[in-house]
Number of protein chains: 2
Amino acid sequence: MVTVGIVGVGLVGSELLAQLQATSSKLIKIVALTNSKRMVVSDSYTEISLADWKNKLAGSTTEANISHLVQYLSKSPEHSIIIDCTSSDHIASQYPSWLSAGLSIVTPNKKGFSGSLSLYEQITSLSNNLPGSTPGKGKPLVYHESTVGAGLPILNTLTDLVKTGDKVQKVEGIFSGTLSYIFNNFSTLSANAEKKNFSDIVKVAKELGYTEPDPRDDLNGMDVARKVTICGRLAGLDLDLSTLAVENIVPQELQGVASADEFMSKLPQFDDHFQKLNDAAVQNGEVLRYVGVVDVQGSGSGVKLVRYPGSHPFASLQGSDNIIKFTTERFPNGIIIQGAGAGAAVTAFGIYSDILKIQERVQGF
Amino acid sequence: MVTVGIVGVGLVGSELLAQLQATSSKLIKIVALTNSKRMVVSDSYTEISLADWKNKLAGSTTEANISHLVQYLSKSPEHSIIIDCTSSDHIASQYPSWLSAGLSIVTPNKKGFSGSLSLYEQITSLSNNLPGSTPGKGKPLVYHESTVGAGLPILNTLTDLVKTGDKVQKVEGIFSGTLSYIFNNFSTLSANAEKKNFSDIVKVAKELGYTEPDPRDDLNGMDVARKVTICGRLAGLDLDLSTLAVENIVPQELQGVASADEFMSKLPQFDDHFQKLNDAAVQNGEVLRYVGVVDVQGSGSGVKLVRYPGSHPFASLQGSDNIIKFTTERFPNGIIIQGAGAGAAVTAFGIYSDILKIQERVQGF
């Protein structure tokens with residue numbers, strides 16, 4: 001049994017609670033919840049009812065206070081895990097203090113692992129190197145599978161390869177569901193495919209809720225760059241967002257326009273630009289894909305628009321799937337992992353799996 | 001630190017020892033080794049030199065005796081793991097007694113998990129449910145990732161899906177590197193591909209060492225059936241080899257011929273039969289693939305020759321890769337994992353990862 005507190009109960013946090021409720025796990029006990037305003041902290045580490053947490057939180061008169069939540073968890077008689085379901089930089093900056101308080105961390109928040117290298121190094125050196133806050137409770141651990149490809153087994157696999165001494169040469173993938181959808185629809189060799197304008201595809205993606213409120217936040221490559229940074233660091237590279245080569249595919253003229261609406265209204269002016277890129281690829285039997293690359297031995301790490309031949313697994317991707325390929329000494333032809341890499345259900349699945357991994361490690365059963 | 005004994009030091013066992021030596025892991029100590037004739041058991045749980053184990057074993061005058069090896073490991077002051085690198089039914093039947101002696105088990109041997117249901121149930125109920133042989137040493141655990149797809153994260157992923165309450169609907173895959181190679185070469189929609197006779201492809205596969213000494217041991221589907229049984233049982237089905245629907249693609253007339261040589265010499269007589277099957281598929285824009293299926297909700301579990309449209313990920317497979325697809329409630333479009341699923345390096349990688357998972361679970365760090 002581990003005691004668990006959740007910071008952030010939006011889409012992903014709520015889905016995690018629903019999955020825990022559906023499985024009635026006896027190994028995991030939720031004892032604290034907070035959103036940005038209110039907080040519920042149980043008495044004496046009793047379980048917060050998973051059937052009724054929404055009402056409890058809505059009716060709580062306790063103001064959100066993460067320090068109090070951390071303090072409460074750290075004094076639990078059981079090993080405690082804090083789940084950060086926000087995407088906040090500020091909250092990620094508190095991970096070292098949470099670890100020092102003896103808490104394990106599970107999170108889909110990319111900020112702590114793709115931000116400053118010094119924060120990342122603090123987190124990794126504190127994880128697994130501290131005694132538990134109480135002897136016998138187990139050391140604090142950090143798991144963040146859902147930061148890359150949601151619940152797909154990307155970081156687990158990469159970690160296993162590295163730990164067992166395989167030489168990872170390259171990690172290459174379509175890390176963004178949004179950009180997967182856009183280019184799978186825009187750039188195809190299928191003779192039956194209807195020819196669509198780039199701007200129309202972005203418009204539909206926005207309407208379907210696949211993009212950020214401002215699609216430039218997808219097209220600028222920064223989300224992919226964070227995932228590349230996370231994989232690269234796990235593979236032993238000191239990648240840094242500020243120096244990583246990132247191809248921003250937002251046309252330069254539109255990078256500075258004030259609003260998402262203005263961006264969307266002007267994007268059609270650049271359909272020719274994207275069409276020319278695509279025609280050049282297709283005439284060569286290739287398609288365009290927006291990929292992230294970790295080049296462990298060379299200097300090719302970055303985020304870029306790349307052409308792939310029709311026979312390449314990236315070329316036949318459909319929908320909004322992620323696809324990631326690891327090329328290593330033991331797997332010269334690569335391991336490929338493909339599937340939904342975004343959405344509440346699959347993100348919560350990754351978090352839930354990580355909680356169980358920590359529970360098994362600190363308690364052995 | 002865990003103490004480890006290895007039963008079987010052929011290709012896979014030797015490669016595991018080489019990987020351990022290359023990484024000089026301080027968490028794993030090899031203290032016993034045996035092949036079918038000789039055995040090396042260290043004094044007082046000291047480490048057997050990884051640089052020199054071959055000479056030590058060749059020069060050993062101690063006769064192989066697995067009971068003694070098990071007894072030695074069970075009295076270790078540390079948690080002990082026994083690695084079964086054989087493919088023996090007889091050795092797999094001893095797993096319950098090893099677990100009862102407090103030992104964890106890691107193995108690529110499929111026999112214990114795909115053989116009799118009662119042996120399987122004994123193994124799973126003893127794993128994780130026994131106290132360690134000495135208090136504080138941790139409970140005995142069983143990991144067998146390498147029984148399916150070698151080191152590819154197939155069973156880990158399936159286990160995570162099941163443990164977190166996802167509803168697995170289907171596991172479908174090309175589980176045999178041999179049959180992957182044969183059908184990837186025989187059945188393709190590529191206009192450039194040279195047309196080859198089925199028997200010629202089997203002949204080349206045999207010469208390359210991809211097949212069993214008698215290729216009928218691949219073509220009869222029993223190896224795939226074992227892997228389907230393992231995945232099915234993990235997904236909650238009581239599959240049994242004796243009742244599983246397995247399409248043996250060895251022509252009936254050749255199933256009884258005495259030798260592999262006679263089989264190979266007569267196989268060309270059936271090239272027309274295979275060619276007709278393939279032509280019917282290709283004329284329809286499809287290819288033939290030999291797949292294993294776990295149909296969790298229906299009755300379609302089995303091993304069979306199936307036609308897939310050219311756009312299906314199984315259709316564009318190359319070389320001798322495995323490819324496995326999980327379809328679940330949370331992943332309606334599936335998780336696909338693809339890569340080398342056979343060979344000493346990738347099998348040993350799966351074993352090594354499993355050893356580390358047990359070490360982390362029983363010792364928490």
# chains A, B, ... in the order shown; residues from 1 in each chain; ligands from 1
$ residues_around --residues "stretch 260-267 of chain A" --least-positions-apart "5" --cutoff "10 Å" --atoms "only C-alpha atoms" --output "list in words"
Phe198, Ser199, Asp200, Val202, Lys203, Lys206, Glu212, Pro213, Asp214, Pro215, Arg216, Asp217, Val250, Pro251, Glu253, Leu254 and Gln255 of chain A
$ select_by_dssp --residues "stretch 109-264 of chain B" --states "helix (DSSP H, G or I)" --output "count of residues only"
73
$ residues_around --residues "B:Phe113" --least-positions-apart "2" --cutoff "9 Å" --atoms "only C-alpha atoms" --output "PyMOL selection string"
chain B and resi 92+109-111+115-117+119-121+123+144+147+226-227+229-230+233
$ write_last_selection --atoms "N, CA and C atoms" --output "PDB file, in the first residue's frame"
ATOM      1  N   ALA B  92      11.674 -26.763 -16.745  1.00  0.00           N
ATOM      2  CA  ALA B  92      10.544 -25.880 -16.423  1.00  0.00           C
ATOM      3  C   ALA B  92       9.628 -26.498 -15.371  1.00  0.00           C
ATOM      4  N   ASN B 109      12.715 -19.517 -21.597  1.00  0.00           N
ATOM      5  CA  ASN B 109      12.158 -20.851 -21.860  1.00  0.00           C
ATOM      6  C   ASN B 109      10.623 -20.783 -21.816  1.00  0.00           C
ATOM      7  N   LYS B 110      10.002 -21.083 -22.943  1.00  0.00           N
ATOM      8  CA  LYS B 110       8.544 -20.941 -23.046  1.00  0.00           C
ATOM      9  C   LYS B 110       7.769 -22.062 -22.349  1.00  0.00           C
ATOM     10  N   LYS B 111       8.442 -23.156 -22.035  1.00  0.00           N
ATOM     11  CA  LYS B 111       7.738 -24.369 -21.625  1.00  0.00           C
ATOM     12  C   LYS B 111       6.882 -24.213 -20.360  1.00  0.00           C
ATOM     13  N   GLY B 115       2.959 -24.655 -21.386  1.00  0.00           N
ATOM     14  CA  GLY B 115       2.662 -26.077 -21.243  1.00  0.00           C
ATOM     15  C   GLY B 115       1.377 -26.273 -20.448  1.00  0.00           C
ATOM     16  N   SER B 116       1.397 -27.248 -19.565  1.00  0.00           N
ATOM     17  CA  SER B 116       0.154 -27.572 -18.858  1.00  0.00           C
ATOM     18  C   SER B 116      -0.329 -26.384 -18.034  1.00  0.00           C
ATOM     19  N   LEU B 117      -1.642 -26.197 -18.050  1.00  0.00           N
ATOM     20  CA  LEU B 117      -2.230 -25.077 -17.331  1.00  0.00           C
ATOM     21  C   LEU B 117      -1.968 -25.207 -15.830  1.00  0.00           C
ATOM     22  N   LEU B 119       0.702 -26.486 -14.329  1.00  0.00           N
ATOM     23  CA  LEU B 119       2.059 -26.004 -14.022  1.00  0.00           C
ATOM     24  C   LEU B 119       2.074 -24.476 -14.031  1.00  0.00           C
ATOM     25  N   TYR B 120       1.440 -23.889 -15.061  1.00  0.00           N
ATOM     26  CA  TYR B 120       1.400 -22.427 -15.172  1.00  0.00           C
ATOM     27  C   TYR B 120       0.757 -21.805 -13.939  1.00  0.00           C
ATOM     28  N   GLU B 121      -0.344 -22.396 -13.507  1.00  0.00           N
ATOM     29  CA  GLU B 121      -1.052 -21.826 -12.354  1.00  0.00           C
ATOM     30  C   GLU B 121      -0.235 -21.976 -11.073  1.00  0.00           C
ATOM     31  N   ILE B 123       3.035 -21.947 -10.971  1.00  0.00           N
ATOM     32  CA  ILE B 123       4.113 -20.948 -11.054  1.00  0.00           C
ATOM     33  C   ILE B 123       3.587 -19.563 -10.701  1.00  0.00           C
ATOM     34  N   HIS B 144       9.544 -13.299 -17.458  1.00  0.00           N
ATOM     35  CA  HIS B 144       9.882 -14.092 -18.646  1.00  0.00           C
ATOM     36  C   HIS B 144       9.619 -13.324 -19.928  1.00  0.00           C
ATOM     37  N   THR B 147      10.338 -14.776 -23.427  1.00  0.00           N
ATOM     38  CA  THR B 147       9.624 -15.913 -24.018  1.00  0.00           C
ATOM     39  C   THR B 147       8.805 -15.496 -25.242  1.00  0.00           C
ATOM     40  N   ARG B 226       2.801 -21.471 -28.859  1.00  0.00           N
ATOM     41  CA  ARG B 226       3.276 -21.282 -27.474  1.00  0.00           C
ATOM     42  C   ARG B 226       3.242 -19.807 -27.087  1.00  0.00           C
ATOM     43  N   LYS B 227       3.656 -18.943 -28.008  1.00  0.00           N
ATOM     44  CA  LYS B 227       3.677 -17.507 -27.701  1.00  0.00           C
ATOM     45  C   LYS B 227       2.253 -16.960 -27.558  1.00  0.00           C
ATOM     46  N   THR B 229      -0.263 -18.701 -26.539  1.00  0.00           N
ATOM     47  CA  THR B 229      -0.732 -19.220 -25.247  1.00  0.00           C
ATOM     48  C   THR B 229      -0.236 -18.352 -24.094  1.00  0.00           C
ATOM     49  N   ILE B 230       1.043 -17.954 -24.157  1.00  0.00           N
ATOM     50  CA  ILE B 230       1.610 -17.113 -23.092  1.00  0.00           C
ATOM     51  C   ILE B 230       0.884 -15.774 -23.021  1.00  0.00           C
ATOM     52  N   ARG B 233      -2.800 -16.231 -21.788  1.00  0.00           N
ATOM     53  CA  ARG B 233      -2.926 -16.458 -20.342  1.00  0.00           C
ATOM     54  C   ARG B 233      -2.700 -15.168 -19.566  1.00  0.00           C
TER      55      ARG B 233
END
$ interface_residues --of "chain B" --to "chain A" --cutoff "9 Å" --atoms "only C-alpha atoms" --output "VMD selection string"
chain B and resid 19 to 20 22 to 23 25 128 to 129 138 to 139 141 152 to 153 156 to 157 160 to 161 163 to 166 311 to 313 316 to 317 319 321 323 330 to 340 345 to 346 349 to 350 352 to 353 356 to 365
$ closest_residue --among "A:Ser242, A:Ser76, A:Ser187, A:Thr211" --to "A:Val4" --atoms "only C-alpha atoms"
A:Ser76
$ closest_residue --among "B:Thr3, B:Phe270, B:Val287, B:Phe175" --to "B:His79" --atoms "only C-alpha atoms"
B:Thr3
$ atom_distance --atom1 "atom CA of A:Gln94" --atom2 "atom CA of A:Asp218"
26.6 Å
$ atom_distance --atom1 "atom CA of B:Ser118" --atom2 "atom CA of B:Gly5"
25.9 Å
$ atom_distance --atom1 "atom CA of B:Ile81" --atom2 "atom CA of B:Met1"
10.9 Å
$ closest_residue --among "A:Val224, A:Gln71, A:Gly173, A:Gly256" --to "A:Leu99" --atoms "only C-alpha atoms"
A:Gln71
$ residues_around --residues "stretch 244-246 of chain A" --least-positions-apart "2" --cutoff "9 Å" --atoms "only C-alpha atoms" --output "ChimeraX atom specification"
/A:220-222,224-225,229,239-242,248,292,300-304
$ select_by_dssp --residues "stretch 71-221 of chain A" --states "strand (DSSP E or B)" --output "list in words"
Ser80, Ile81, Ile82, Ile83, Asp84, Ser104, Ile105, Val106, Val142, Tyr143, Val168, Gln169, Lys170, Val171, Glu172, Gly173 and Ile174 of chain A
$ residues_around --residues "stretch 64-66 of chain A" --least-positions-apart "5" --cutoff "7 Å" --atoms "only C-alpha atoms" --output "list of chain:residue names"
A:Thr34, A:Asn35, A:Ser36, A:Lys37, A:Arg38, A:Met39
